$ cat run.pdb   # PDB, C-alpha atoms, pLDDT in the B column
ATOM      1  CA  SER A   1     -62.215  -7.084 101.980  1.00 85.00           C
ATOM      2  CA  ALA A   2     -62.743  -5.808 105.528  1.00 85.00           C
ATOM      3  CA  THR A   3     -65.237  -8.572 106.255  1.00 88.00           C
ATOM      4  CA  ARG A   4     -62.885 -11.247 104.916  1.00 90.00           C
ATOM      5  CA  GLN A   5     -60.032  -9.834 107.019  1.00 90.00           C
ATOM      6  CA  ALA A   6     -62.226  -9.797 110.133  1.00 90.00           C
ATOM      7  CA  PHE A   7     -63.190 -13.457 109.612  1.00 92.00           C
ATOM      8  CA  LEU A   8     -59.537 -14.443 109.159  1.00 91.00           C
ATOM      9  CA  ASN A   9     -58.557 -12.539 112.304  1.00 91.00           C
ATOM     10  CA  ALA A  10     -61.459 -14.094 114.247  1.00 92.00           C
ATOM     11  CA  ARG A  11     -60.255 -17.548 113.220  1.00 92.00           C
ATOM     12  CA  LEU A  12     -56.714 -16.703 114.390  1.00 91.00           C
ATOM     13  CA  VAL A  13     -58.053 -15.505 117.753  1.00 90.00           C
ATOM     14  CA  ARG A  14     -60.178 -18.650 118.103  1.00 91.00           C
ATOM     15  CA  GLU A  15     -57.238 -20.936 117.254  1.00 91.00           C
ATOM     16  CA  SER A  16     -54.983 -19.069 119.665  1.00 90.00           C
ATOM     17  CA  LEU A  17     -57.560 -19.319 122.482  1.00 90.00           C
ATOM     18  CA  LEU A  18     -58.101 -23.022 121.799  1.00 90.00           C
ATOM     19  CA  ALA A  19     -54.335 -23.614 121.932  1.00 88.00           C
ATOM     20  CA  SER A  20     -53.823 -21.586 125.120  1.00 83.00           C
ATOM     21  CA  PRO A  21     -57.136 -20.732 126.807  1.00 81.00           C
ATOM     22  CA  GLY A  22     -57.594 -18.001 129.340  1.00 78.00           C
ATOM     23  CA  ASP A  23     -55.714 -15.031 127.905  1.00 80.00           C
ATOM     24  CA  PRO A  24     -57.709 -13.177 125.223  1.00 86.00           C
ATOM     25  CA  THR A  25     -55.256 -10.266 125.289  1.00 82.00           C
ATOM     26  CA  GLN A  26     -52.459 -12.610 124.226  1.00 82.00           C
ATOM     27  CA  ALA A  27     -54.705 -14.088 121.528  1.00 83.00           C
ATOM     28  CA  LEU A  28     -55.351 -10.604 120.128  1.00 85.00           C
ATOM     29  CA  ALA A  29     -51.635  -9.810 120.232  1.00 83.00           C
ATOM     30  CA  VAL A  30     -50.948 -12.383 117.489  1.00 81.00           C
ATOM     31  CA  LEU A  31     -53.001 -10.319 115.031  1.00 85.00           C
ATOM     32  CA  GLU A  32     -51.252  -7.981 112.648  1.00 82.00           C
ATOM     33  CA  LEU A  33     -53.927  -5.297 112.456  1.00 83.00           C
ATOM     34  CA  SER A  34     -53.599  -2.466 110.011  1.00 79.00           C
ATOM     35  CA  PRO A  35     -53.463   1.056 111.434  1.00 78.00           C
ATOM     36  CA  ARG A  36     -57.028   1.515 110.115  1.00 81.00           C
ATOM     37  CA  SER A  37     -58.543  -1.365 112.106  1.00 83.00           C
ATOM     38  CA  GLN A  38     -59.144  -2.113 115.778  1.00 85.00           C
ATOM     39  CA  ALA A  39     -60.277  -5.361 117.402  1.00 88.00           C
ATOM     40  CA  ILE A  40     -61.745  -6.680 120.654  1.00 86.00           C
ATOM     41  CA  PHE A  41     -62.739 -10.037 122.007  1.00 90.00           C
ATOM     42  CA  VAL A  42     -65.796 -10.148 124.264  1.00 89.00           C
ATOM     43  CA  GLU A  43     -66.241 -12.956 126.785  1.00 88.00           C
ATOM     44  CA  ASP A  44     -68.889 -12.975 129.534  1.00 83.00           C
ATOM     45  CA  GLY A  45     -69.481  -9.234 129.080  1.00 81.00           C
ATOM     46  CA  LEU A  46     -65.759  -8.377 129.440  1.00 83.00           C
ATOM     47  CA  SER A  47     -63.949  -6.687 126.557  1.00 83.00           C
ATOM     48  CA  PHE A  48     -60.307  -7.433 125.773  1.00 86.00           C
ATOM     49  CA  GLY A  49     -58.262  -5.467 123.259  1.00 84.00           C
ATOM     50  CA  GLN A  50     -58.917  -1.971 121.991  1.00 74.00           C
ATOM     51  CA  ALA A  51     -62.094  -1.345 123.972  1.00 64.00           C
ATOM     52  CA  ASP A  52     -61.426   2.400 123.861  1.00 64.00           C
ATOM     53  CA  VAL A  53     -62.279   2.361 120.133  1.00 64.00           C
ATOM     54  CA  ILE A  54     -64.799  -0.474 119.902  1.00 72.00           C
ATOM     55  CA  ASP A  55     -67.280  -0.109 122.700  1.00 75.00           C
ATOM     56  CA  VAL A  56     -69.767  -2.955 122.359  1.00 79.00           C
ATOM     57  CA  SER A  57     -72.307  -0.986 124.382  1.00 79.00           C
ATOM     58  CA  ALA A  58     -72.134   1.764 121.710  1.00 79.00           C
ATOM     59  CA  LEU A  59     -73.151  -0.693 118.994  1.00 83.00           C
ATOM     60  CA  PRO A  60     -76.839  -1.105 118.213  1.00 84.00           C
ATOM     61  CA  PRO A  61     -78.349  -3.722 120.548  1.00 87.00           C
ATOM     62  CA  GLU A  62     -79.724  -5.799 117.641  1.00 91.00           C
ATOM     63  CA  PHE A  63     -76.203  -5.963 116.168  1.00 88.00           C
ATOM     64  CA  VAL A  64     -74.793  -7.358 119.423  1.00 88.00           C
ATOM     65  CA  ARG A  65     -77.777  -9.713 119.921  1.00 90.00           C
ATOM     66  CA  THR A  66     -77.304 -11.107 116.418  1.00 92.00           C
ATOM     67  CA  VAL A  67     -73.637 -11.870 117.124  1.00 92.00           C
ATOM     68  CA  GLU A  68     -74.495 -13.348 120.531  1.00 91.00           C
ATOM     69  CA  SER A  69     -77.125 -15.557 118.878  1.00 91.00           C
ATOM     70  CA  GLY A  70     -74.398 -17.141 116.749  1.00 92.00           C
ATOM     71  CA  GLN A  71     -74.651 -15.217 113.489  1.00 92.00           C
ATOM     72  CA  ALA A  72     -71.891 -13.069 112.011  1.00 93.00           C
ATOM     73  CA  VAL A  73     -72.925  -9.568 111.041  1.00 93.00           C
ATOM     74  CA  HIS A  74     -71.398  -6.360 109.717  1.00 91.00           C
ATOM     75  CA  GLN A  75     -72.515  -2.758 109.310  1.00 89.00           C
ATOM     76  CA  ARG A  76     -71.306   0.818 109.148  1.00 85.00           C
ATOM     77  CA  ASP A  77     -71.464   2.695 112.439  1.00 80.00           C
ATOM     78  CA  ARG A  78     -69.959   5.695 114.188  1.00 77.00           C
ATOM     79  CA  LEU A  79     -67.454   4.645 116.849  1.00 70.00           C
ATOM     80  CA  ALA A  80     -64.986   6.841 118.708  1.00 69.00           C
ATOM     81  CA  GLY A  81     -66.136   9.832 116.663  1.00 75.00           C
ATOM     82  CA  GLU A  82     -65.405   8.244 113.293  1.00 77.00           C
ATOM     83  CA  GLN A  83     -67.404   6.354 110.692  1.00 81.00           C
ATOM     84  CA  ARG A  84     -66.299   2.710 110.739  1.00 84.00           C
ATOM     85  CA  PHE A  85     -67.206  -0.615 109.176  1.00 87.00           C
ATOM     86  CA  VAL A  86     -67.789  -3.059 112.052  1.00 90.00           C
ATOM     87  CA  THR A  87     -67.839  -6.841 111.772  1.00 90.00           C
ATOM     88  CA  GLY A  88     -68.982  -9.096 114.606  1.00 93.00           C
ATOM     89  CA  VAL A  89     -68.110 -12.799 114.523  1.00 95.00           C
ATOM     90  CA  PRO A  90     -69.402 -15.260 117.132  1.00 95.00           C
ATOM     91  CA  LEU A  91     -66.811 -17.703 118.440  1.00 93.00           C
ATOM     92  CA  PRO A  92     -68.870 -20.384 120.230  1.00 92.00           C
ATOM     93  CA  ALA A  93     -65.878 -22.739 120.530  1.00 90.00           C
ATOM     94  CA  VAL A  94     -64.302 -20.289 123.004  1.00 91.00           C
ATOM     95  CA  ASP A  95     -67.562 -18.818 124.416  1.00 89.00           C
ATOM     96  CA  GLY A  96     -66.979 -15.341 123.046  1.00 92.00           C
ATOM     97  CA  ALA A  97     -67.288 -12.980 120.133  1.00 93.00           C
ATOM     98  CA  TYR A  98     -64.780 -11.136 118.022  1.00 93.00           C
ATOM     99  CA  TYR A  99     -65.433  -7.590 116.804  1.00 91.00           C
ATOM    100  CA  GLU A 100     -63.288  -5.656 114.380  1.00 90.00           C
ATOM    101  CA  ALA A 101     -63.819  -2.084 113.211  1.00 87.00           C
ATOM    102  CA  PHE A 102     -62.234  -0.630 110.089  1.00 88.00           C
ATOM    103  CA  SER A 103     -61.909   3.112 109.637  1.00 84.00           C
ATOM    104  CA  LEU A 104     -63.728   4.492 106.608  1.00 82.00           C
ATOM    105  CA  GLY A 105     -61.839   7.811 106.712  1.00 79.00           C
ATOM    106  CA  GLN A 106     -59.249   6.827 104.120  1.00 76.00           C
ATOM    107  CA  LEU A 107     -61.939   5.375 101.866  1.00 77.00           C
ATOM    108  CA  ARG A 108     -63.906   8.621 102.153  1.00 78.00           C
ATOM    109  CA  GLU A 109     -60.784  10.614 101.232  1.00 81.00           C
ATOM    110  CA  THR A 110     -60.102   8.351  98.242  1.00 82.00           C
ATOM    111  CA  LEU A 111     -63.684   8.652  97.015  1.00 86.00           C
ATOM    112  CA  GLY A 112     -63.504  12.438  97.485  1.00 89.00           C
ATOM    113  CA  ALA A 113     -60.333  12.620  95.390  1.00 91.00           C
ATOM    114  CA  LEU A 114     -61.947  10.438  92.732  1.00 92.00           C
ATOM    115  CA  ARG A 115     -65.049  12.652  92.713  1.00 92.00           C
ATOM    116  CA  THR A 116     -62.876  15.758  92.329  1.00 92.00           C
ATOM    117  CA  ALA A 117     -60.943  14.152  89.465  1.00 92.00           C
ATOM    118  CA  LEU A 118     -64.152  13.138  87.692  1.00 93.00           C
ATOM    119  CA  LEU A 119     -65.726  16.586  88.112  1.00 93.00           C
ATOM    120  CA  THR A 120     -62.538  18.231  86.860  1.00 91.00           C
ATOM    121  CA  GLY A 121     -62.517  15.883  83.886  1.00 92.00           C
ATOM    122  CA  MET A 122     -66.155  16.710  83.159  1.00 93.00           C
ATOM    123  CA  VAL A 123     -65.226  20.387  82.939  1.00 92.00           C
ATOM    124  CA  VAL A 124     -61.826  20.102  81.242  1.00 91.00           C
ATOM    125  CA  ALA A 125     -62.645  17.407  78.642  1.00 93.00           C
ATOM    126  CA  PRO A 126     -65.352  19.376  76.769  1.00 93.00           C
ATOM    127  CA  ILE A 127     -63.217  22.520  76.759  1.00 93.00           C
ATOM    128  CA  ALA A 128     -60.202  20.584  75.486  1.00 92.00           C
ATOM    129  CA  ALA A 129     -62.365  18.853  72.846  1.00 93.00           C
ATOM    130  CA  ALA A 130     -63.771  22.198  71.693  1.00 92.00           C
ATOM    131  CA  LEU A 131     -60.294  23.721  71.406  1.00 91.00           C
ATOM    132  CA  LEU A 132     -58.971  20.680  69.556  1.00 93.00           C
ATOM    133  CA  GLY A 133     -61.961  20.757  67.192  1.00 91.00           C
ATOM    134  CA  TRP A 134     -61.497  24.480  66.555  1.00 91.00           C
ATOM    135  CA  TRP A 135     -57.768  23.988  65.831  1.00 90.00           C
ATOM    136  CA  ALA A 136     -58.393  20.973  63.541  1.00 88.00           C
ATOM    137  CA  SER A 137     -61.145  22.726  61.605  1.00 87.00           C
ATOM    138  CA  ARG A 138     -58.946  25.791  61.110  1.00 83.00           C
ATOM    139  CA  LEU A 139     -56.140  23.548  59.877  1.00 79.00           C
ATOM    140  CA  VAL A 140     -58.422  21.720  57.442  1.00 76.00           C
ATOM    141  CA  LEU A 141     -60.399  24.751  56.262  1.00 80.00           C
ATOM    142  CA  ARG A 142     -57.477  27.185  55.817  1.00 79.00           C
ATOM    143  CA  PRO A 143     -56.710  26.016  52.224  1.00 74.00           C
ATOM    144  CA  VAL A 144     -60.400  26.166  51.319  1.00 76.00           C
ATOM    145  CA  GLY A 145     -60.500  29.702  52.717  1.00 80.00           C
ATOM    146  CA  GLU A 146     -57.502  30.677  50.579  1.00 80.00           C
ATOM    147  CA  ILE A 147     -59.185  29.337  47.436  1.00 77.00           C
ATOM    148  CA  SER A 148     -62.383  31.238  48.334  1.00 81.00           C
ATOM    149  CA  ARG A 149     -60.368  34.455  48.854  1.00 83.00           C
ATOM    150  CA  ALA A 150     -58.558  33.966  45.537  1.00 81.00           C
ATOM    151  CA  ALA A 151     -61.846  33.269  43.735  1.00 82.00           C
ATOM    152  CA  ALA A 152     -63.278  36.509  45.140  1.00 87.00           C
ATOM    153  CA  GLU A 153     -60.205  38.446  43.932  1.00 83.00           C
ATOM    154  CA  ILE A 154     -60.522  36.944  40.433  1.00 83.00           C
ATOM    155  CA  ALA A 155     -64.243  37.774  40.418  1.00 85.00           C
ATOM    156  CA  ALA A 156     -63.241  41.345  41.299  1.00 88.00           C
ATOM    157  CA  GLY A 157     -61.003  41.440  38.209  1.00 86.00           C
ATOM    158  CA  ASP A 158     -57.527  40.524  39.546  1.00 81.00           C
ATOM    159  CA  LEU A 159     -56.591  37.723  37.138  1.00 80.00           C
ATOM    160  CA  GLN A 160     -53.023  37.504  38.508  1.00 80.00           C
ATOM    161  CA  THR A 161     -54.237  36.010  41.817  1.00 82.00           C
ATOM    162  CA  ARG A 162     -52.739  32.635  42.700  1.00 82.00           C
ATOM    163  CA  VAL A 163     -53.101  30.257  45.667  1.00 80.00           C
ATOM    164  CA  ASP A 164     -50.281  28.499  47.478  1.00 79.00           C
ATOM    165  CA  VAL A 165     -49.896  24.849  46.601  1.00 76.00           C
ATOM    166  CA  SER A 166     -50.933  22.743  49.598  1.00 71.00           C
ATOM    167  CA  PRO A 167     -48.967  19.700  50.795  1.00 74.00           C
ATOM    168  CA  ASP A 168     -52.296  17.812  50.900  1.00 73.00           C
ATOM    169  CA  PRO A 169     -52.535  15.789  47.634  1.00 75.00           C
ATOM    170  CA  ASP A 170     -56.264  16.481  47.195  1.00 73.00           C
ATOM    171  CA  LEU A 171     -55.893  20.213  47.725  1.00 74.00           C
ATOM    172  CA  ARG A 172     -52.687  20.302  45.639  1.00 76.00           C
ATOM    173  CA  ARG A 173     -54.714  19.272  42.550  1.00 78.00           C
ATOM    174  CA  GLN A 174     -57.348  21.908  43.309  1.00 76.00           C
ATOM    175  CA  ALA A 175     -54.714  24.609  43.788  1.00 76.00           C
ATOM    176  CA  ALA A 176     -52.922  23.624  40.556  1.00 77.00           C
ATOM    177  CA  SER A 177     -56.222  23.662  38.627  1.00 77.00           C
ATOM    178  CA  PHE A 178     -57.166  26.996  40.114  1.00 75.00           C
ATOM    179  CA  ASN A 179     -53.783  28.546  39.327  1.00 76.00           C
ATOM    180  CA  ALA A 180     -53.900  27.176  35.739  1.00 78.00           C
TER
END

$ encode --input "run.pdb" --output "structure tokens"
Amino acid sequence: SATRQAFLNARLVRESLLASPGDPTQALAVLELSPRSQAIFVEDGLSFGQADVIDVSALPPEFVRTVESGQAVHQRDRLAGEQRFVTGVPLPAVDGAYYEAFSLGQLRETLGALRTALLTGMVVAPIAAALLGWWASRLVLRPVGEISRAAAEIAAGDLQTRVDVSPDPDLRRQAASFNA
């Protein structure tokens, strides 16, 4: 997404410079950059735009050489103290290059929140499943436990013992047979 946006912005800068050459700052002003991205246009070693954030000299030399040789390139790099995704696009029609850097801080925060949610789920889900299983088994086995208790009382000699009739149709027949 960041690469696609950088290519679209580079095309806008190129079209603006072709329409009115000579003012790269004005060409960059037509861009609607998000608060997470910064852009510069480099022409004859001069940077126009947000050069305080994107310092071409801070980029790896092979990155800059690749763009200067006419090939678009992108990579993650640390600029202005923050991890960023940088895209370089050569603009030979206007004898320059367009660079755009996208902050990865928000992405890192989102991935951190997702990691926390997944880890929490990994802890909570088994506990919740165990509690649900315990509750369901108690619900299902309670009538069987009552019949076992009543059978033990009858075996001990208390022939007046009866079990409660369950609302479950299968257990209702068992309880009726037992009581009979």

$ atom_distance --input "run.pdb" --atom1 "atom CA of Arg172 of chain A" --atom2 "atom CA of Ser137 of chain A"
18.2 Å

$ resolve_selection --input "run.pdb" --expression "the PyMOL selection byres ((chain A and resi 146) around 12)" --output "list in words"
Arg138, Leu139, Val140, Leu141, Arg142, Pro143, Val144, Gly145, Ile147, Ser148, Arg149, Ala150, Ala151, Ala152, Glu153, Thr161, Arg162, Val163, Asp164, Val165, Ser166, Leu171, Gln174, Ala175 and Phe178 of chain A

$ write_last_selection --input "run.pdb" --atoms "C-alpha atoms" --output "short mmCIF file (atom, residue, chain, number, x, y, z; two decimals), keeping the file's coordinate frame"
data_model
loop_
_atom_site.label_atom_id
_atom_site.label_comp_id
_atom_site.auth_asym_id
_atom_site.auth_seq_id
_atom_site.Cartn_x
_atom_site.Cartn_y
_atom_site.Cartn_z
CA ARG A 138 -58.95 25.79 61.11
CA LEU A 139 -56.14 23.55 59.88
CA VAL A 140 -58.42 21.72 57.44
CA LEU A 141 -60.40 24.75 56.26
CA ARG A 142 -57.48 27.18 55.82
CA PRO A 143 -56.71 26.02 52.22
CA VAL A 144 -60.40 26.17 51.32
CA GLY A 145 -60.50 29.70 52.72
CA ILE A 147 -59.18 29.34 47.44
CA SER A 148 -62.38 31.24 48.33
CA ARG A 149 -60.37 34.46 48.85
CA ALA A 150 -58.56 33.97 45.54
CA ALA A 151 -61.85 33.27 43.74
CA ALA A 152 -63.28 36.51 45.14
CA GLU A 153 -60.20 38.45 43.93
CA THR A 161 -54.24 36.01 41.82
CA ARG A 162 -52.74 32.64 42.70
CA VAL A 163 -53.10 30.26 45.67
CA ASP A 164 -50.28 28.50 47.48
CA VAL A 165 -49.90 24.85 46.60
CA SER A 166 -50.93 22.74 49.60
CA LEU A 171 -55.89 20.21 47.72
CA GLN A 174 -57.35 21.91 43.31
CA ALA A 175 -54.71 24.61 43.79
CA PHE A 178 -57.17 27.00 40.11
#

$ residues_around --input "run.pdb" --residues "segment 27-41 of chain A" --least-positions-apart "2" --cutoff "10 Å" --atoms "only C-alpha atoms" --output "number ranges by chain"
A: 2, 5-6, 8-10, 12-25, 43, 45-56, 84-91, 96-106

$ write_last_selection --input "run.pdb" --atoms "C-alpha atoms" --output "compact mmCIF listing (two decimals), in the frame of the given file"
# COMPACT_ATOMS: atom_id res chain seq x y z
CA ALA A 2 -62.74 -5.81 105.53
CA GLN A 5 -60.03 -9.83 107.02
CA ALA A 6 -62.23 -9.80 110.13
CA LEU A 8 -59.54 -14.44 109.16
CA ASN A 9 -58.56 -12.54 112.30
CA ALA A 10 -61.46 -14.09 114.25
CA LEU A 12 -56.71 -16.70 114.39
CA VAL A 13 -58.05 -15.50 117.75
CA ARG A 14 -60.18 -18.65 118.10
CA GLU A 15 -57.24 -20.94 117.25
CA SER A 16 -54.98 -19.07 119.66
CA LEU A 17 -57.56 -19.32 122.48
CA LEU A 18 -58.10 -23.02 121.80
CA ALA A 19 -54.34 -23.61 121.93
CA SER A 20 -53.82 -21.59 125.12
CA PRO A 21 -57.14 -20.73 126.81
CA GLY A 22 -57.59 -18.00 129.34
CA ASP A 23 -55.71 -15.03 127.90
CA PRO A 24 -57.71 -13.18 125.22
CA THR A 25 -55.26 -10.27 125.29
CA GLU A 43 -66.24 -12.96 126.78
CA GLY A 45 -69.48 -9.23 129.08
CA LEU A 46 -65.76 -8.38 129.44
CA SER A 47 -63.95 -6.69 126.56
CA PHE A 48 -60.31 -7.43 125.77
CA GLY A 49 -58.26 -5.47 123.26
CA GLN A 50 -58.92 -1.97 121.99
CA ALA A 51 -62.09 -1.34 123.97
CA ASP A 52 -61.43 2.40 123.86
CA VAL A 53 -62.28 2.36 120.13
CA ILE A 54 -64.80 -0.47 119.90
CA ASP A 55 -67.28 -0.11 122.70
CA VAL A 56 -69.77 -2.96 122.36
CA ARG A 84 -66.30 2.71 110.74
CA PHE A 85 -67.21 -0.62 109.18
CA VAL A 86 -67.79 -3.06 112.05
CA THR A 87 -67.84 -6.84 111.77
CA GLY A 88 -68.98 -9.10 114.61
CA VAL A 89 -68.11 -12.80 114.52
CA PRO A 90 -69.40 -15.26 117.13
CA LEU A 91 -66.81 -17.70 118.44
CA GLY A 96 -66.98 -15.34 123.05
CA ALA A 97 -67.29 -12.98 120.13
CA TYR A 98 -64.78 -11.14 118.02
CA TYR A 99 -65.43 -7.59 116.80
CA GLU A 100 -63.29 -5.66 114.38
CA ALA A 101 -63.82 -2.08 113.21
CA PHE A 102 -62.23 -0.63 110.09
CA SER A 103 -61.91 3.11 109.64
CA LEU A 104 -63.73 4.49 106.61
CA GLY A 105 -61.84 7.81 106.71
CA GLN A 106 -59.25 6.83 104.12

$ atom_distance --input "run.pdb" --atom1 "atom CA of Pro167 of chain A" --atom2 "atom CA of Ala129 of chain A"
25.8 Å

$ atom_distance --input "run.pdb" --atom1 "atom CA of Ala128 of chain A" --atom2 "atom CA of Ala113 of chain A"
21.4 Å

$ axis_aligned_box --input "run.pdb" --around "segment 52-71 of chain A" --padding-each-side "6 Å" --output "lines of an AutoDock Vina configuration file"
center_x = -70.6
center_y = -7.4
center_z = 118.9
size_x = 30.3
size_y = 31.5
size_z = 22.9
